[in-house]
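Raw entry33.cif, mmCIF, C-alpha atoms, pLDDT in the B column; chains and numbers go by the auth columns:
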```
data_model
loop_
_atom_site.group_PDB
_atom_site.id
_atom_site.type_symbol
_atom_site.label_atom_id
_atom_site.label_comp_id
_atom_site.label_asym_id
_atom_site.label_seq_id
_atom_site.Cartn_x
_atom_site.Cartn_y
_atom_site.Cartn_z
_atom_site.B_iso_or_equiv
_atom_site.auth_seq_id
_atom_site.auth_asym_id
ATOM 1 C CA MET A 1 -77.384 24.306 -54.906 55.00 29 A
ATOM 2 C CA SER A 2 -75.577 24.713 -57.985 69.00 30 A
ATOM 3 C CA LYS A 3 -73.709 22.078 -59.768 72.00 31 A
ATOM 4 C CA LYS A 4 -70.449 23.946 -59.461 73.00 32 A
ATOM 5 C CA LYS A 5 -70.773 24.221 -55.727 74.00 33 A
ATOM 6 C CA THR A 6 -71.510 20.554 -55.417 78.00 34 A
ATOM 7 C CA GLU A 7 -68.531 19.670 -57.550 77.00 35 A
ATOM 8 C CA ALA A 8 -66.364 22.043 -55.559 74.00 36 A
ATOM 9 C CA ILE A 9 -67.484 20.430 -52.315 77.00 37 A
ATOM 10 C CA LYS A 10 -66.791 16.958 -53.757 78.00 38 A
ATOM 11 C CA ALA A 11 -63.404 18.086 -54.970 76.00 39 A
ATOM 12 C CA GLU A 12 -62.654 19.606 -51.601 78.00 40 A
ATOM 13 C CA LYS A 13 -63.698 16.377 -49.866 80.00 41 A
ATOM 14 C CA GLU A 14 -61.506 14.374 -52.202 81.00 42 A
ATOM 15 C CA VAL A 15 -58.547 16.666 -51.498 78.00 43 A
ATOM 16 C CA GLU A 16 -59.194 16.307 -47.772 78.00 44 A
ATOM 17 C CA LYS A 17 -59.287 12.507 -48.153 78.00 45 A
ATOM 18 C CA GLU A 18 -56.022 12.552 -50.065 77.00 46 A
ATOM 19 C CA VAL A 19 -54.387 14.816 -47.439 73.00 47 A
ATOM 20 C CA GLU A 20 -55.662 12.527 -44.693 74.00 48 A
ATOM 21 C CA LYS A 21 -54.192 9.503 -46.528 72.00 49 A
ATOM 22 C CA GLU A 22 -50.851 11.261 -46.897 71.00 50 A
ATOM 23 C CA VAL A 23 -50.902 12.331 -43.239 63.00 51 A
ATOM 24 C CA GLU A 24 -51.776 8.771 -42.245 67.00 52 A
ATOM 25 C CA LYS A 25 -48.832 7.546 -44.319 66.00 53 A
ATOM 26 C CA GLU A 26 -46.457 10.143 -42.820 61.00 54 A
ATOM 27 C CA VAL A 27 -47.513 9.585 -39.179 59.00 55 A
ATOM 28 C CA PRO A 28 -46.402 5.924 -39.134 58.00 56 A
ATOM 29 C CA GLN A 29 -43.148 6.939 -40.823 66.00 57 A
ATOM 30 C CA GLU A 30 -42.554 9.647 -38.214 72.00 58 A
ATOM 31 C CA GLU A 31 -43.397 7.195 -35.438 75.00 59 A
ATOM 32 C CA ASP A 32 -40.903 4.749 -36.924 78.00 60 A
ATOM 33 C CA VAL A 33 -38.276 7.495 -37.111 80.00 61 A
ATOM 34 C CA VAL A 34 -38.948 8.507 -33.480 84.00 62 A
ATOM 35 C CA ALA A 35 -38.810 4.856 -32.370 86.00 63 A
ATOM 36 C CA ASN A 36 -35.532 4.344 -34.248 88.00 64 A
ATOM 37 C CA LEU A 37 -34.064 7.515 -32.739 90.00 65 A
ATOM 38 C CA LYS A 38 -35.110 6.419 -29.236 91.00 66 A
ATOM 39 C CA LYS A 39 -33.555 2.992 -29.796 92.00 67 A
ATOM 40 C CA GLU A 40 -30.358 4.570 -31.112 92.00 68 A
ATOM 41 C CA ASN A 41 -30.309 6.961 -28.145 92.00 69 A
ATOM 42 C CA GLU A 42 -30.608 4.056 -25.686 93.00 70 A
ATOM 43 C CA GLU A 43 -27.822 2.163 -27.481 93.00 71 A
ATOM 44 C CA LEU A 44 -25.581 5.228 -27.310 93.00 72 A
ATOM 45 C CA LYS A 45 -26.360 5.708 -23.608 94.00 73 A
ATOM 46 C CA ALA A 46 -25.475 2.066 -22.934 94.00 74 A
ATOM 47 C CA SER A 47 -22.272 2.426 -24.947 94.00 75 A
ATOM 48 C CA VAL A 48 -21.268 5.579 -23.032 94.00 76 A
ATOM 49 C CA ALA A 49 -22.047 3.885 -19.712 94.00 77 A
ATOM 50 C CA LYS A 50 -19.880 0.885 -20.689 95.00 78 A
ATOM 51 C CA GLU A 51 -17.006 3.138 -21.783 94.00 79 A
ATOM 52 C CA LYS A 52 -17.277 5.142 -18.554 95.00 80 A
ATOM 53 C CA ASP A 53 -17.213 1.931 -16.509 94.00 81 A
ATOM 54 C CA ASP A 54 -14.179 0.687 -18.457 94.00 82 A
ATOM 55 C CA TYR A 55 -12.441 4.028 -17.899 94.00 83 A
ATOM 56 C CA ILE A 56 -13.107 3.954 -14.148 95.00 84 A
ATOM 57 C CA ARG A 57 -11.821 0.378 -13.909 95.00 85 A
ATOM 58 C CA LEU A 58 -8.720 1.271 -15.908 94.00 86 A
ATOM 59 C CA MET A 59 -8.004 4.229 -13.620 95.00 87 A
ATOM 60 C CA ALA A 60 -8.477 2.029 -10.536 95.00 88 A
ATOM 61 C CA ASP A 61 -6.093 -0.563 -11.999 95.00 89 A
ATOM 62 C CA PHE A 62 -3.541 2.147 -12.722 94.00 90 A
ATOM 63 C CA GLU A 63 -3.840 3.538 -9.190 95.00 91 A
ATOM 64 C CA ASN A 64 -3.346 0.033 -7.749 95.00 92 A
ATOM 65 C CA PHE A 65 -0.313 -0.485 -9.993 94.00 93 A
ATOM 66 C CA ARG A 66 1.167 2.844 -8.902 94.00 94 A
ATOM 67 C CA ARG A 67 0.617 2.049 -5.219 95.00 95 A
ATOM 68 C CA HIS A 68 2.111 -1.448 -5.552 94.00 96 A
ATOM 69 C CA SER A 69 5.117 -0.035 -7.420 92.00 97 A
ATOM 70 C CA ALA A 70 5.724 2.521 -4.681 92.00 98 A
ATOM 71 C CA GLU A 71 5.426 -0.179 -2.008 92.00 99 A
ATOM 72 C CA ALA A 72 7.850 -2.417 -3.919 91.00 100 A
ATOM 73 C CA LYS A 73 10.387 0.423 -4.188 89.00 101 A
ATOM 74 C CA LEU A 74 10.061 1.183 -0.496 85.00 102 A
ATOM 75 C CA GLU A 75 10.452 -2.500 0.362 83.00 103 A
ATOM 76 C CA LEU A 76 13.531 -2.736 -1.857 81.00 104 A
ATOM 77 C CA VAL A 77 15.171 0.262 -0.185 78.00 105 A
ATOM 78 C CA SER A 78 14.213 -1.035 3.253 76.00 106 A
ATOM 79 C CA THR A 79 15.608 -4.492 2.513 76.00 107 A
ATOM 80 C CA ALA A 80 18.820 -3.062 1.097 79.00 108 A
ATOM 81 C CA SER A 81 19.389 -0.818 4.109 82.00 109 A
ATOM 82 C CA ALA A 82 18.579 -3.691 6.481 85.00 110 A
ATOM 83 C CA ASP A 83 21.192 -5.865 4.744 85.00 111 A
ATOM 84 C CA ILE A 84 23.808 -3.113 5.011 88.00 112 A
ATOM 85 C CA ILE A 85 23.051 -2.528 8.680 89.00 113 A
ATOM 86 C CA LYS A 86 23.152 -6.280 9.390 90.00 114 A
ATOM 87 C CA GLY A 87 26.601 -6.316 7.798 90.00 115 A
ATOM 88 C CA LEU A 88 27.748 -3.567 10.203 91.00 116 A
ATOM 89 C CA LEU A 89 26.611 -5.399 13.360 92.00 117 A
ATOM 90 C CA PRO A 90 29.871 -7.414 13.641 92.00 118 A
ATOM 91 C CA VAL A 91 31.767 -4.092 13.521 91.00 119 A
ATOM 92 C CA LEU A 92 29.681 -2.859 16.468 91.00 120 A
ATOM 93 C CA ASP A 93 30.416 -6.115 18.305 91.00 121 A
ATOM 94 C CA ASP A 94 34.141 -5.682 17.661 91.00 122 A
ATOM 95 C CA CYS A 95 34.009 -2.115 18.973 89.00 123 A
ATOM 96 C CA GLU A 96 32.245 -3.279 22.154 88.00 124 A
ATOM 97 C CA ARG A 97 34.827 -6.029 22.692 88.00 125 A
ATOM 98 C CA ALA A 98 37.687 -3.607 22.008 88.00 126 A
ATOM 99 C CA MET A 99 36.325 -1.089 24.523 86.00 127 A
ATOM 100 C CA LYS A 100 35.975 -3.824 27.134 86.00 128 A
ATOM 101 C CA MET A 101 39.543 -5.062 26.550 87.00 129 A
ATOM 102 C CA LEU A 102 41.028 -1.548 26.484 85.00 130 A
ATOM 103 C CA THR A 103 39.236 -0.642 29.716 82.00 131 A
ATOM 104 C CA GLU A 104 40.856 -3.634 31.394 83.00 132 A
ATOM 105 C CA ALA A 105 44.280 -2.625 29.967 79.00 133 A
ATOM 106 C CA ASP A 106 43.978 0.959 31.342 78.00 134 A
ATOM 107 C CA ASP A 107 44.722 2.607 27.983 78.00 135 A
ATOM 108 C CA LYS A 108 42.542 5.720 28.300 83.00 136 A
ATOM 109 C CA VAL A 109 43.454 7.250 24.922 86.00 137 A
ATOM 110 C CA ALA A 110 42.626 4.034 23.062 85.00 138 A
ATOM 111 C CA VAL A 111 39.363 3.705 25.016 85.00 139 A
ATOM 112 C CA GLU A 112 38.379 7.298 24.142 88.00 140 A
ATOM 113 C CA GLY A 113 39.192 6.783 20.451 88.00 141 A
ATOM 114 C CA THR A 114 37.293 3.516 20.261 88.00 142 A
ATOM 115 C CA GLU A 115 34.299 4.994 22.122 90.00 143 A
ATOM 116 C CA LEU A 116 34.287 7.966 19.750 92.00 144 A
ATOM 117 C CA ILE A 117 34.186 5.687 16.697 91.00 145 A
ATOM 118 C CA TYR A 118 31.574 3.424 18.297 91.00 146 A
ATOM 119 C CA ASN A 119 29.356 6.364 19.327 92.00 147 A
ATOM 120 C CA LYS A 120 29.521 7.997 15.878 94.00 148 A
ATOM 121 C CA LEU A 121 28.670 4.719 14.144 92.00 149 A
ATOM 122 C CA MET A 122 25.889 3.957 16.626 92.00 150 A
ATOM 123 C CA SER A 123 24.350 7.448 16.372 93.00 151 A
ATOM 124 C CA TYR A 124 24.325 7.202 12.568 92.00 152 A
ATOM 125 C CA LEU A 125 22.702 3.768 12.675 91.00 153 A
ATOM 126 C CA LYS A 126 20.109 5.047 15.160 91.00 154 A
ATOM 127 C CA THR A 127 19.088 7.703 12.629 91.00 155 A
ATOM 128 C CA LYS A 128 18.401 4.821 10.232 87.00 156 A
ATOM 129 C CA GLY A 129 16.133 3.100 12.783 88.00 157 A
ATOM 130 C CA LEU A 130 18.556 0.783 14.619 91.00 158 A
ATOM 131 C CA GLU A 131 17.830 0.249 18.318 92.00 159 A
ATOM 132 C CA VAL A 132 19.650 -1.871 20.915 93.00 160 A
ATOM 133 C CA ILE A 133 17.490 -4.527 22.564 92.00 161 A
ATOM 134 C CA LYS A 134 17.650 -4.037 26.316 91.00 162 A
ATOM 135 C CA ALA A 135 18.344 -7.373 27.914 89.00 163 A
ATOM 136 C CA LYS A 136 20.417 -7.230 31.108 89.00 164 A
ATOM 137 C CA ASP A 137 18.203 -7.635 34.216 85.00 165 A
ATOM 138 C CA GLU A 138 15.095 -7.687 32.006 88.00 166 A
ATOM 139 C CA LYS A 139 12.493 -10.461 32.011 90.00 167 A
ATOM 140 C CA PHE A 140 13.386 -13.111 29.425 90.00 168 A
ATOM 141 C CA ASP A 141 11.260 -12.514 26.315 89.00 169 A
ATOM 142 C CA THR A 142 11.462 -14.944 23.390 88.00 170 A
ATOM 143 C CA ASP A 143 10.355 -12.167 21.041 91.00 171 A
ATOM 144 C CA PHE A 144 13.674 -10.381 21.623 92.00 172 A
ATOM 145 C CA HIS A 145 16.015 -12.774 23.439 92.00 173 A
ATOM 146 C CA GLU A 146 17.671 -16.062 22.551 92.00 174 A
ATOM 147 C CA ALA A 147 18.779 -18.125 25.551 92.00 175 A
ATOM 148 C CA VAL A 148 22.224 -19.606 24.968 93.00 176 A
ATOM 149 C CA ALA A 149 22.697 -20.763 28.569 91.00 177 A
ATOM 150 C CA GLN A 150 20.914 -21.017 31.885 91.00 178 A
ATOM 151 C CA ILE A 151 22.465 -20.356 35.299 90.00 179 A
ATOM 152 C CA PRO A 152 21.007 -21.191 38.697 89.00 180 A
ATOM 153 C CA VAL A 153 20.331 -18.147 40.893 84.00 181 A
ATOM 154 C CA ALA A 154 19.730 -18.075 44.639 82.00 182 A
ATOM 155 C CA GLU A 155 17.242 -15.207 44.760 82.00 183 A
ATOM 156 C CA GLU A 156 13.700 -16.073 43.729 81.00 184 A
ATOM 157 C CA ASP A 157 13.101 -12.640 42.177 81.00 185 A
ATOM 158 C CA LYS A 158 16.009 -13.116 39.706 81.00 186 A
ATOM 159 C CA LYS A 159 14.582 -16.315 38.227 84.00 187 A
ATOM 160 C CA GLY A 160 13.423 -15.796 34.650 84.00 188 A
ATOM 161 C CA LEU A 161 15.526 -12.648 34.311 89.00 189 A
ATOM 162 C CA VAL A 162 18.431 -12.165 31.921 90.00 190 A
ATOM 163 C CA PHE A 163 21.594 -12.650 33.932 88.00 191 A
ATOM 164 C CA ASP A 164 24.166 -11.781 31.255 89.00 192 A
ATOM 165 C CA VAL A 165 24.272 -10.709 27.598 91.00 193 A
ATOM 166 C CA VAL A 166 26.564 -12.758 25.366 91.00 194 A
ATOM 167 C CA GLN A 167 25.770 -10.853 22.177 91.00 195 A
ATOM 168 C CA THR A 168 23.800 -7.618 21.867 91.00 196 A
ATOM 169 C CA GLY A 169 20.532 -7.793 19.952 93.00 197 A
ATOM 170 C CA TYR A 170 19.107 -5.115 17.651 94.00 198 A
ATOM 171 C CA THR A 171 15.832 -4.008 16.129 92.00 199 A
ATOM 172 C CA LEU A 172 15.528 -2.031 12.901 89.00 200 A
ATOM 173 C CA SER A 173 12.378 0.077 12.615 85.00 201 A
ATOM 174 C CA GLY A 174 10.666 -2.117 15.184 86.00 202 A
ATOM 175 C CA LYS A 175 11.655 -5.449 13.563 89.00 203 A
ATOM 176 C CA VAL A 176 14.187 -7.724 15.213 92.00 204 A
ATOM 177 C CA ILE A 177 17.222 -8.105 12.955 91.00 205 A
ATOM 178 C CA ARG A 178 19.305 -9.973 15.554 92.00 206 A
ATOM 179 C CA TYR A 179 18.104 -11.530 18.781 93.00 207 A
ATOM 180 C CA ALA A 180 20.052 -10.763 21.968 93.00 208 A
ATOM 181 C CA LYS A 181 21.967 -13.906 22.983 94.00 209 A
ATOM 182 C CA VAL A 182 21.562 -14.107 26.734 93.00 210 A
ATOM 183 C CA VAL A 183 22.161 -16.193 29.848 92.00 211 A
ATOM 184 C CA VAL A 184 18.957 -16.699 31.829 92.00 212 A
ATOM 185 C CA GLY A 185 18.691 -17.215 35.573 87.00 213 A
ATOM 186 C CA ILE A 186 16.721 -20.286 36.666 84.00 214 A
#
```
As structure tokens - that is how I would like this structure written.
Amino acid sequence: MSKKKTEAIKAEKEVEKEVEKEVEKEVPQEEDVVANLKKENEELKASVAKEKDDYIRLMADFENFRRHSAEAKLELVSTASADIIKGLLPVLDDCERAMKMLTEADDKVAVEGTELIYNKLMSYLKTKGLEVIKAKDEKFDTDFHEAVAQIPVAEEDKKGLVFDVVQTGYTLSGKVIRYAKVVVGI
């Protein structure tokens, strides 16, 4: 072999060694870059997951707040209407007493007028959820009746029944707003 070929082969081997050294230097740098990018990617994923979780919790809190606000408004309206209706109960009592007295006095025009007013008021209040508690000849029930007196009765089947109603009781949307004051047979 010639000297030039040998030198060319040596030079080529040296160039290959230098390229290999540079490649070996670049490979660890690329691996470091890839590792850093993977780490950064994981950190970003964790950050996005945390933000998403915070967002979901915030939306749930807002939904709870909205629901509680709506319930509070409804409760406020319900309480206000219940107070107004409770204030009208004495008017209903007065109408009932007036009808009873006018019936005894045989004044048919006054009875008709009073019944008309009573019926209009009662029908309006019924649309708002007011119901009369049935008491007369019903079994005494402490959930709806308040015993103000007891009266002895001869018949065994009338014991424990409401004998008379002293004051009418009412429920509003299923809740008792005034217990019926009754006389119970014993």
Using only C-alpha atoms, which protein or nucleic acid residues come within 6 Å of A:Ile214? Drop anything in the same chain fewer than 4 positions from it, and give the result as an NGL selection string. :A and (179-181 or 187-188)
Between atom CA of A:Phe172 and atom CA of A:Gly197, distance in Å (one decimal): 7.5 Å
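Using all atoms listed in the file, the contacts of A:Lys209 at a cut-off of 7 Å, with sequence neighbours closer than 2 positions omitted, comprise His173, Glu174, Ala175, Val176, Val193, Val194, Gln195, Thr196, Gly197 and Tyr207 of chain A.
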Please determine, counting only C-alpha atoms, which residue among A:Glu103, A:Lys78, A:Cys123, A:Leu189 has the shortest atom-to-atom distance to A:Lys148.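 Between A:Glu103, A:Lys78, A:Cys123, A:Leu189, the residue approaching A:Lys148 most closely is A:Cys123.
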Counting all atoms listed in the file, the residue of A:Leu116, A:Val212, A:Ile145, A:Val62 that sits nearest A:Tyr198: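 Ranking A:Leu116, A:Val212, A:Ile145, A:Val62 by distance to A:Tyr198, first place goes to A:Leu116.
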What residues come out when you apply the PyMOL selection byres ((chain A and resi 167) around 7) to this file, written as a PDB file with C-alpha atoms, in the coordinates of the input?
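Once everything was written out, this is result.pdb:
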```pdb
ATOM      1  CA  ASP A 165      18.203  -7.635  34.216  1.00 85.00           C
ATOM      2  CA  GLU A 166      15.095  -7.687  32.006  1.00 88.00           C
ATOM      3  CA  PHE A 168      13.386 -13.111  29.425  1.00 90.00           C
ATOM      4  CA  ASP A 169      11.260 -12.514  26.315  1.00 89.00           C
ATOM      5  CA  GLY A 188      13.423 -15.796  34.650  1.00 84.00           C
ATOM      6  CA  LEU A 189      15.526 -12.648  34.311  1.00 89.00           C
ATOM      7  CA  VAL A 190      18.431 -12.165  31.921  1.00 90.00           C
TER       8      VAL A 190
END
```
Could you give me the axis-aligned bounding box of stretch 106-121 of chain A, with 4 Å of padding per side, as centre plus edge lengths in Å to one decimal, as AutoDock Vina command-line options?
```
--center_x 23.0 --center_y -4.1 --center_z 9.7 --size_x 25.6 --size_y 14.6 --size_z 25.2
```
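Proximity ranking of A:Thr199, A:Glu59, A:Asp82, A:Lys67 relative to A:Leu153 places A:Thr199 first, based on all atoms listed in the file.
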Atomic distance atom CA of A:Leu149 - atom CA of A:Asp122, expressed in Å with one decimal: 12.3 Å
Which polymer residues have any atom within 7 Å of an atom of A:Gly157, counting all atoms listed in the file, with same-chain residues fewer than 3 positions away left out, as an MDAnalysis selection string? chainID A and resid 153:154 200:201
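Proximity of A:Gly202, A:Gly213, A:Gly141, A:Gly115 to A:Ile161, computed with all atoms listed in the file, is greatest for A:Gly202.
Once the PyMOL selection byres ((chain A and resi 125) around 12) is applied to the shown structure, the selection contains Pro118, Val119, Leu120, Asp121, Asp122, Cys123, Glu124, Ala126, Met127, Lys128, Met129, Leu130, Thr131, Glu132, Val139, Thr142, Glu143, Tyr146, Val194, Gln195 and Thr196 of chain A.
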Between atom CA of A:Ile113 and atom CA of A:Met150, what is the spacing in Å?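 Those two atoms sit 10.6 Å apart.
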